[in-house]
Amino acid sequence: MKVTVVGAGAVGASCAEYIAIKDFASEVVLLDIKEGYAEGKAMDLMQTASLNGFDTKITGITNDYSKTAGSNIAVITSGVPRKPGMTREELIGINAGIVKTVSSNLLEHSPNAILIVVSNPMDTMTYLVHKSTNLPKNKIIGMGGALDSARFKYRLAEALEAPISDIDGMVIGGHSDTGMVPLASHATRNSINVTEFLTEERLSQVVEDTKVGGATLTKLLGTSAWYAPGAAVSSLVQAIACDQKKMFPCSTYLEGEYGLEDICIGVPVLLGKNGIEEIVNVPLSEAEKNKMKESAAGVSKTNGLLEL
């Protein structure tokens, strides 16, 4: 199992670290355009192998895609990260060109690879990869919902003063501050709906805090977060590599599912060795359906800025 991570910045390096620590891949290739940067990150990470007990080989490469040949899974994190006050959508002009070039280079050397898109605006970048490559849609996955759901569960556990292992919840819709649709109606504490424990006002606050989860961290850190995004990516990669058939909300190309057409947006999917094995239909309340439509309209508007 060979996994390539393009972009050795904070998110890419965290992603490589978590994949290595889980020890399910034989090799992780970390690639960056900055001379020596990926090599340095890889060496630093390899020096933790005996301490963290993993045997995954991590290789750093400067812009030589031939070294990524034969990758089973490739993760695209490259692009410009958010700065305070910047929306994910504002990154489109810069990141679209980068993502298109990266995906083309990856597939030249690994035509059968499954691609996971992390670069923002994520849903639109996933759509761009779908439109600019010949890959079947099950092999193009946008990482957003897995991260947003983790942030939702964090906020729920905080509100409930409960251990996070007790909490289950999911966020679908667009990966944006306004587009996320946290499914409060399906959120549970140990199988009991959270509405049994939280007031409507407190639950609404949890939902709003979840939606601005990334912006909150960007304001605090001065740049995008990296630990949780890296962990989210590694969970998707592991589900595919180990054929777990695990359910995650991911951005995928829809052809009528959830009443949506010609769009990549977050919905629940089962991940296995073929990438997206199945799109799962979850019953939504009328309010959630309306929010999903609004979210899709926002994503489509951003898609319209692409030069396809």
# chains A, B, ... in the order shown; residues from 1 in each chain; ligands from 1
call {"tool": "residues_around", "arguments": {"residues": "A:Pro268", "least_positions_apart": "4", "cutoff": "7 Å", "atoms": "only C-alpha atoms", "output": "PyMOL selection string"}}
result
chain A and resi 247-250+279-280
call {"tool": "select_by_dssp", "arguments": {"residues": "stretch 68-246 of chain A", "states": "helix (DSSP H, G or I)", "output": "PyMOL selection string"}}
result
chain A and resi 68+88-109+122-132+137-139+145-160+164-166+184-186+194-196+200-211+213-221+227-241
call {"tool": "residues_around", "arguments": {"residues": "A:Lys100", "least_positions_apart": "4", "cutoff": "8 Å", "atoms": "only C-alpha atoms", "output": "PyMOL selection string"}}
result
chain A and resi 96+104+128-129+132
call {"tool": "closest_atom_pairs", "arguments": {"of": "stretch 204-273 of chain A", "to": "stretch 10-26 of chain A", "cutoff": "9 Å", "atoms": "only C-alpha atoms", "output": "JSON lines"}}
result
{"residue": "A:Ser224", "atom": "CA", "partner": "A:Val11", "partner_atom": "CA", "distance": 8.5}
{"residue": "A:Ala225", "atom": "CA", "partner": "A:Val11", "partner_atom": "CA", "distance": 7.5}
{"residue": "A:Trp226", "atom": "CA", "partner": "A:Val11", "partner_atom": "CA", "distance": 4.5}
{"residue": "A:Tyr227", "atom": "CA", "partner": "A:Ser14", "partner_atom": "CA", "distance": 6.1}
{"residue": "A:Ala228", "atom": "CA", "partner": "A:Val11", "partner_atom": "CA", "distance": 8.7}
{"residue": "A:Pro229", "atom": "CA", "partner": "A:Val11", "partner_atom": "CA", "distance": 6.4}
{"residue": "A:Gly230", "atom": "CA", "partner": "A:Cys15", "partner_atom": "CA", "distance": 3.9}
{"residue": "A:Ala231", "atom": "CA", "partner": "A:Tyr18", "partner_atom": "CA", "distance": 6.2}
{"residue": "A:Ala232", "atom": "CA", "partner": "A:Cys15", "partner_atom": "CA", "distance": 8.1}
{"residue": "A:Val233", "atom": "CA", "partner": "A:Cys15", "partner_atom": "CA", "distance": 6.2}
{"residue": "A:Ser234", "atom": "CA", "partner": "A:Ile19", "partner_atom": "CA", "distance": 5.3}
{"residue": "A:Ser235", "atom": "CA", "partner": "A:Ile19", "partner_atom": "CA", "distance": 8.1}
{"residue": "A:Val237", "atom": "CA", "partner": "A:Ile19", "partner_atom": "CA", "distance": 7.7}
{"residue": "A:Gln238", "atom": "CA", "partner": "A:Phe24", "partner_atom": "CA", "distance": 7.2}
{"residue": "A:Ala241", "atom": "CA", "partner": "A:Phe24", "partner_atom": "CA", "distance": 7.6}
{"residue": "A:Cys242", "atom": "CA", "partner": "A:Phe24", "partner_atom": "CA", "distance": 7.6}
call {"tool": "write_last_selection", "arguments": {"atoms": "C-alpha atoms", "output": "PDB file, in the first residue's frame"}}
result
ATOM      1  CA  SER A 224      -5.656  27.037   8.810  1.00  0.00           C
ATOM      2  CA  ALA A 225      -5.761  24.222  11.359  1.00  0.00           C
ATOM      3  CA  TRP A 226      -3.757  21.051  10.696  1.00  0.00           C
ATOM      4  CA  TYR A 227      -4.070  18.380  13.432  1.00  0.00           C
ATOM      5  CA  ALA A 228      -7.771  17.587  12.934  1.00  0.00           C
ATOM      6  CA  PRO A 229      -7.645  17.919   9.114  1.00  0.00           C
ATOM      7  CA  GLY A 230      -4.630  15.577   9.018  1.00  0.00           C
ATOM      8  CA  ALA A 231      -6.375  13.072  11.286  1.00  0.00           C
ATOM      9  CA  ALA A 232      -9.552  13.244   9.174  1.00  0.00           C
ATOM     10  CA  VAL A 233      -7.614  12.507   5.980  1.00  0.00           C
ATOM     11  CA  SER A 234      -5.761   9.604   7.598  1.00  0.00           C
ATOM     12  CA  SER A 235      -9.098   8.068   8.658  1.00  0.00           C
ATOM     13  CA  VAL A 237      -7.115   6.721   3.742  1.00  0.00           C
ATOM     14  CA  GLN A 238      -7.222   3.901   6.302  1.00  0.00           C
ATOM     15  CA  ALA A 241      -6.579   0.934   2.338  1.00  0.00           C
ATOM     16  CA  CYS A 242      -8.023  -1.557   4.823  1.00  0.00           C
TER      17      CYS A 242
END
call {"tool": "atom_distance", "arguments": {"atom1": "atom CA of A:Thr56", "atom2": "atom CA of A:Asp44"}}
result
13.6 Å
call {"tool": "closest_atom_pairs", "arguments": {"of": "stretch 168-268 of chain A", "to": "stretch 158-162 of chain A", "cutoff": "10 Å", "atoms": "only C-alpha atoms", "output": "tab-separated table"}}
result
residue	atom	partner	partner_atom	distance
A:Arg189	CA	A:Ala162	CA	8.3
A:Val194	CA	A:Leu160	CA	8.4
A:Phe197	CA	A:Leu160	CA	7.2
A:Leu198	CA	A:Leu160	CA	7.3
A:Arg202	CA	A:Ala159	CA	7.5
A:Leu203	CA	A:Ala159	CA	8.1
A:Gln205	CA	A:Ala159	CA	9.3
A:Val206	CA	A:Ala159	CA	7.3
call {"tool": "write_last_selection", "arguments": {"atoms": "C-alpha atoms", "output": "compact mmCIF listing (two decimals), in the first residue's frame"}}
result
# COMPACT_ATOMS: atom_id res chain seq x y z
CA ARG A 189 -25.16 10.31 23.12
CA VAL A 194 -29.01 14.76 22.14
CA PHE A 197 -30.10 16.39 27.11
CA LEU A 198 -29.71 19.80 25.47
CA ARG A 202 -27.86 25.21 23.42
CA LEU A 203 -28.06 22.80 20.49
CA GLN A 205 -25.23 27.21 19.57
CA VAL A 206 -23.42 23.89 19.04
call {"tool": "select_by_dssp", "arguments": {"residues": "stretch 184-282 of chain A", "states": "strand (DSSP E)", "output": "PyMOL selection string"}}
result
chain A and resi 188-189+192-193+246-255+261-272+275-279
call {"tool": "write_last_selection", "arguments": {"atoms": "C-alpha atoms", "output": "mmCIF file, in the first residue's frame"}}
result
data_model
loop_
_atom_site.group_PDB
_atom_site.id
_atom_site.type_symbol
_atom_site.label_atom_id
_atom_site.label_comp_id
_atom_site.auth_asym_id
_atom_site.auth_seq_id
_atom_site.Cartn_x
_atom_site.Cartn_y
_atom_site.Cartn_z
ATOM 1 C CA THR A 188 -26.785 10.959 19.785
ATOM 2 C CA ARG A 189 -25.156 10.305 23.115
ATOM 3 C CA ILE A 192 -30.016 8.563 22.812
ATOM 4 C CA ASN A 193 -30.796 11.685 20.788
ATOM 5 C CA LYS A 246 -16.698 2.633 7.038
ATOM 6 C CA MET A 247 -19.222 5.472 6.765
ATOM 7 C CA PHE A 248 -18.030 9.069 6.449
ATOM 8 C CA PRO A 249 -19.661 12.173 5.018
ATOM 9 C CA CYS A 250 -17.502 13.026 1.990
ATOM 10 C CA SER A 251 -17.812 15.325 -0.980
ATOM 11 C CA THR A 252 -18.794 13.183 -3.951
ATOM 12 C CA TYR A 253 -20.314 13.735 -7.385
ATOM 13 C CA LEU A 254 -24.101 13.444 -7.251
ATOM 14 C CA GLU A 255 -26.367 12.381 -10.089
ATOM 15 C CA GLU A 261 -27.335 16.917 -9.944
ATOM 16 C CA ASP A 262 -23.885 17.773 -11.351
ATOM 17 C CA ILE A 263 -22.347 18.816 -8.038
ATOM 18 C CA CYS A 264 -19.787 17.560 -5.541
ATOM 19 C CA ILE A 265 -21.045 18.021 -1.987
ATOM 20 C CA GLY A 266 -20.850 16.239 1.356
ATOM 21 C CA VAL A 267 -23.125 13.232 1.851
ATOM 22 C CA PRO A 268 -22.682 9.963 3.792
ATOM 23 C CA VAL A 269 -20.716 7.325 1.871
ATOM 24 C CA LEU A 270 -19.187 3.924 2.574
ATOM 25 C CA LEU A 271 -15.427 3.851 1.949
ATOM 26 C CA GLY A 272 -13.597 0.678 0.938
ATOM 27 C CA GLY A 275 -13.024 4.316 -2.866
ATOM 28 C CA ILE A 276 -16.669 5.300 -2.548
ATOM 29 C CA GLU A 277 -18.479 1.952 -2.429
ATOM 30 C CA GLU A 278 -21.942 3.374 -1.846
ATOM 31 C CA ILE A 279 -23.745 6.681 -1.323
#
